[in-house]
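Working notes, beginning with the structure itself.
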Amino acid sequence: MTKAWLLVLLPAMLACSSNPVSTVRMGGVFPPRPADCALELRTGIMTQELLSSYDAVGTVNVQGEIGEAPNDPRILSLLKPEACALGGEVVLVNTSANVEYRGSIRKESRHSYLVFRKKTEGEKPQSQAF
């Protein structure tokens, strides 16, 4: 009986223990901004203006509850400190999906955001010798 309960509880425990937010840095390394920095959320397509005026600094992926939208306040509260830590100013919704695992009661939403910072004339990414 104990082994049967472990088979039932283990997947649920693993699902609960996983971190709902992951960050990937890309491009230059820029100074972080305060965790409560002001961000602009864009939900349209990537434009030439965005690419020419902003540096891509990373991506942030957020796991939410089933049905949560990419602009849900709870999702944005998880996104914000990570995007600010990358030095971000503009966040573009990349992908957003509801996921239901076959044969499982586990359902969730997954959201991916591209993070950009305004290009500044003459400013270069931080560098270090090693």
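The chains in the structure tokens are called A, B, ... from first to last as shown; in each chain the residues are counted from 1, and the ligands are counted from 1 in the order shown.
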
Point to revise | Selection: 6 Å around Gln63 (chain A), only C-alpha atoms, excl. self and same-chain fewer than 2 positions, as a list in words | key: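 So the residues in contact are Pro20, Ser109 and Arg110 of chain A.
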
**Study point:** Pro73 (chain A) environment, 12 Å, only C-alpha atoms, sequence neighbours closer than 6 positions dropped, as a ChimeraX atom specification
**Key:** /A:41,64,79-80

Give me a file of those residues, with N, CA and C atoms, as a PDB file, in the first residue's frame.
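What follows is the written file out_6.pdb:
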```
ATOM      1  N   LEU A  41       4.964  45.953 -21.365  1.00  0.00           N
ATOM      2  CA  LEU A  41       4.596  44.658 -21.921  1.00  0.00           C
ATOM      3  C   LEU A  41       3.999  44.864 -23.305  1.00  0.00           C
ATOM      4  N   GLY A  64       2.378  28.770 -15.123  1.00  0.00           N
ATOM      5  CA  GLY A  64       1.235  29.221 -14.344  1.00  0.00           C
ATOM      6  C   GLY A  64       0.167  28.163 -14.225  1.00  0.00           C
ATOM      7  N   LEU A  79       7.257  37.381 -13.503  1.00  0.00           N
ATOM      8  CA  LEU A  79       8.108  37.820 -14.618  1.00  0.00           C
ATOM      9  C   LEU A  79       8.953  39.041 -14.257  1.00  0.00           C
ATOM     10  N   LYS A  80       8.348  40.006 -13.593  1.00  0.00           N
ATOM     11  CA  LYS A  80       8.964  41.322 -13.397  1.00  0.00           C
ATOM     12  C   LYS A  80      10.370  41.291 -12.783  1.00  0.00           C
TER      13      LYS A  80
END
```

Check your understanding: Restricting the calculation to only C-alpha atoms, which member of A:Asn98, A:Asn61, A:Asn71, A:Ser52 is positioned closest to Glu40 (chain A)?
Key -> A:Asn71

**Study point:** Selection: 10 Å around Tyr54 (chain A), only C-alpha atoms, excl. self and same-chain fewer than 4 positions, as an MDAnalysis selection string
**Key:** chainID A and resid 48:50 88:90 115:120

Atoms to include: N, CA and C atoms. Write the selected residues as a short mmCIF file (atom, residue, chain, number, x, y, z; two decimals), in the first residue's frame.
```
data_model
loop_
_atom_site.label_atom_id
_atom_site.label_comp_id
_atom_site.auth_asym_id
_atom_site.auth_seq_id
_atom_site.Cartn_x
_atom_site.Cartn_y
_atom_site.Cartn_z
N GLN A 48 10.58 45.85 -36.70
CA GLN A 48 11.90 46.37 -37.04
C GLN A 48 12.30 47.47 -36.06
N GLU A 49 11.36 48.29 -35.63
CA GLU A 49 11.63 49.36 -34.65
C GLU A 49 12.17 48.77 -33.36
N LEU A 50 11.56 47.68 -32.92
CA LEU A 50 12.01 47.03 -31.69
C LEU A 50 13.43 46.52 -31.86
N GLY A 88 16.14 44.59 -18.35
CA GLY A 88 15.08 44.81 -19.32
C GLY A 88 14.25 46.06 -19.10
N GLU A 89 13.69 46.53 -20.19
CA GLU A 89 12.77 47.66 -20.18
C GLU A 89 11.47 47.33 -20.91
N VAL A 90 11.59 46.48 -21.93
CA VAL A 90 10.44 46.07 -22.73
C VAL A 90 10.39 44.55 -22.74
N VAL A 115 12.98 39.60 -23.59
CA VAL A 115 13.27 40.81 -22.79
C VAL A 115 14.28 41.67 -23.55
N PHE A 116 13.97 42.96 -23.65
CA PHE A 116 14.80 43.92 -24.38
C PHE A 116 15.13 45.12 -23.50
N ARG A 117 16.24 45.78 -23.81
CA ARG A 117 16.59 47.05 -23.17
C ARG A 117 16.94 48.05 -24.26
N LYS A 118 16.62 49.30 -24.00
CA LYS A 118 16.85 50.38 -24.97
C LYS A 118 18.34 50.50 -25.26
N LYS A 119 18.68 50.60 -26.55
CA LYS A 119 20.08 50.84 -26.93
C LYS A 119 20.43 52.26 -26.54
N THR A 120 21.61 52.42 -25.97
CA THR A 120 22.10 53.73 -25.56
C THR A 120 23.36 54.04 -26.35
#
```

**Study point:** Residue contacts of Leu78 (chain A) (8 Å, only C-alpha atoms) excluding same-chain residues fewer than 4 positions away, as a PyMOL selection string
**Key:** chain A and resi 21+62+74+82

Selected residues, C-alpha atoms, written as a tab-separated table (two decimals), in the first residue's frame, please.
```tsv
chain	number	residue	atom	x	y	z
A	21	VAL	CA	10.26	30.73	-13.47
A	62	VAL	CA	6.86	31.39	-16.46
A	74	ARG	CA	0.17	36.94	-10.90
A	82	GLU	CA	13.57	38.38	-13.56
```

Exercise for review: Report the residues of chain A whose backbone DSSP state falls under helix (DSSP H, G or I), written as JSON, numbers by chain.
Suggested key: {"A": [2, 3, 4, 5, 6, 7, 8, 9, 10, 11, 12, 13, 14, 15, 16, 17, 48, 49, 50, 51, 52, 53, 73, 74, 75, 76, 77, 78, 79, 80, 81, 82, 83, 84, 85]}

May I have the selected residues written with N, CA and C atoms, as a compact mmCIF listing (two decimals), in the first residue's frame?
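Dumped to part-v5.txt:
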```
# COMPACT_ATOMS: atom_id res chain seq x y z
N THR A 2 1.95 1.27 0.77
CA THR A 2 2.82 2.43 0.84
C THR A 2 3.45 2.74 -0.51
N LYS A 3 3.89 1.71 -1.22
CA LYS A 3 4.49 1.92 -2.54
C LYS A 3 3.49 2.51 -3.51
N ALA A 4 2.25 2.10 -3.43
CA ALA A 4 1.22 2.64 -4.31
C ALA A 4 1.02 4.13 -4.05
N TRP A 5 1.01 4.52 -2.80
CA TRP A 5 0.86 5.95 -2.47
C TRP A 5 2.05 6.76 -2.96
N LEU A 6 3.25 6.19 -2.87
CA LEU A 6 4.43 6.89 -3.38
C LEU A 6 4.31 7.13 -4.88
N LEU A 7 3.80 6.15 -5.61
CA LEU A 7 3.63 6.32 -7.05
C LEU A 7 2.61 7.40 -7.37
N VAL A 8 1.64 7.59 -6.50
CA VAL A 8 0.63 8.63 -6.70
C VAL A 8 1.18 10.00 -6.28
N LEU A 9 1.84 10.05 -5.15
CA LEU A 9 2.29 11.32 -4.59
C LEU A 9 3.57 11.86 -5.21
N LEU A 10 4.47 11.00 -5.66
CA LEU A 10 5.75 11.45 -6.18
C LEU A 10 5.62 12.41 -7.36
N PRO A 11 4.82 12.10 -8.39
CA PRO A 11 4.68 13.07 -9.48
C PRO A 11 4.11 14.41 -9.01
N ALA A 12 3.17 14.37 -8.09
CA ALA A 12 2.60 15.62 -7.58
C ALA A 12 3.64 16.42 -6.80
N MET A 13 4.46 15.73 -6.01
CA MET A 13 5.50 16.42 -5.25
C MET A 13 6.53 17.03 -6.18
N LEU A 14 6.92 16.31 -7.23
CA LEU A 14 7.89 16.83 -8.18
C LEU A 14 7.33 18.04 -8.92
N ALA A 15 6.07 17.99 -9.28
CA ALA A 15 5.45 19.11 -9.99
C ALA A 15 5.41 20.34 -9.10
N CYS A 16 5.14 20.16 -7.82
CA CYS A 16 5.06 21.29 -6.91
C CYS A 16 6.42 21.87 -6.58
N SER A 17 7.46 21.04 -6.64
CA SER A 17 8.78 21.52 -6.23
C SER A 17 9.52 22.22 -7.37
N GLN A 48 10.58 45.85 -36.70
CA GLN A 48 11.90 46.37 -37.04
C GLN A 48 12.30 47.47 -36.06
N GLU A 49 11.36 48.29 -35.63
CA GLU A 49 11.63 49.36 -34.65
C GLU A 49 12.17 48.77 -33.36
N LEU A 50 11.56 47.68 -32.92
CA LEU A 50 12.01 47.03 -31.69
C LEU A 50 13.43 46.52 -31.86
N LEU A 51 13.70 45.85 -32.95
CA LEU A 51 15.02 45.28 -33.18
C LEU A 51 16.11 46.34 -33.38
N SER A 52 15.75 47.47 -33.98
CA SER A 52 16.75 48.51 -34.22
C SER A 52 16.96 49.42 -33.02
N SER A 53 15.98 49.52 -32.14
CA SER A 53 16.07 50.43 -30.99
C SER A 53 16.40 49.75 -29.67
N PRO A 73 -2.00 39.37 -13.73
CA PRO A 73 -1.17 40.03 -12.71
C PRO A 73 -0.25 39.09 -11.94
N ARG A 74 -0.69 37.88 -11.64
CA ARG A 74 0.17 36.94 -10.90
C ARG A 74 1.35 36.50 -11.77
N ILE A 75 1.11 36.25 -13.04
CA ILE A 75 2.18 35.85 -13.95
C ILE A 75 3.17 37.00 -14.10
N LEU A 76 2.65 38.23 -14.27
CA LEU A 76 3.54 39.39 -14.42
C LEU A 76 4.37 39.64 -13.16
N SER A 77 3.80 39.32 -11.98
CA SER A 77 4.57 39.50 -10.74
C SER A 77 5.73 38.51 -10.66
N LEU A 78 5.61 37.36 -11.30
CA LEU A 78 6.72 36.40 -11.36
C LEU A 78 7.74 36.82 -12.42
N LEU A 79 7.26 37.38 -13.50
CA LEU A 79 8.11 37.82 -14.62
C LEU A 79 8.95 39.04 -14.26
N LYS A 80 8.35 40.01 -13.59
CA LYS A 80 8.96 41.32 -13.40
C LYS A 80 10.37 41.29 -12.78
N PRO A 81 10.58 40.66 -11.62
CA PRO A 81 11.94 40.72 -11.05
C PRO A 81 13.00 40.08 -11.93
N GLU A 82 12.62 39.06 -12.67
CA GLU A 82 13.57 38.38 -13.56
C GLU A 82 13.93 39.27 -14.75
N ALA A 83 12.92 39.89 -15.36
CA ALA A 83 13.16 40.78 -16.50
C ALA A 83 13.98 42.00 -16.07
N CYS A 84 13.70 42.53 -14.88
CA CYS A 84 14.46 43.67 -14.37
C CYS A 84 15.90 43.27 -14.08
N ALA A 85 16.11 42.06 -13.55
CA ALA A 85 17.47 41.59 -13.26
C ALA A 85 18.31 41.46 -14.53
```
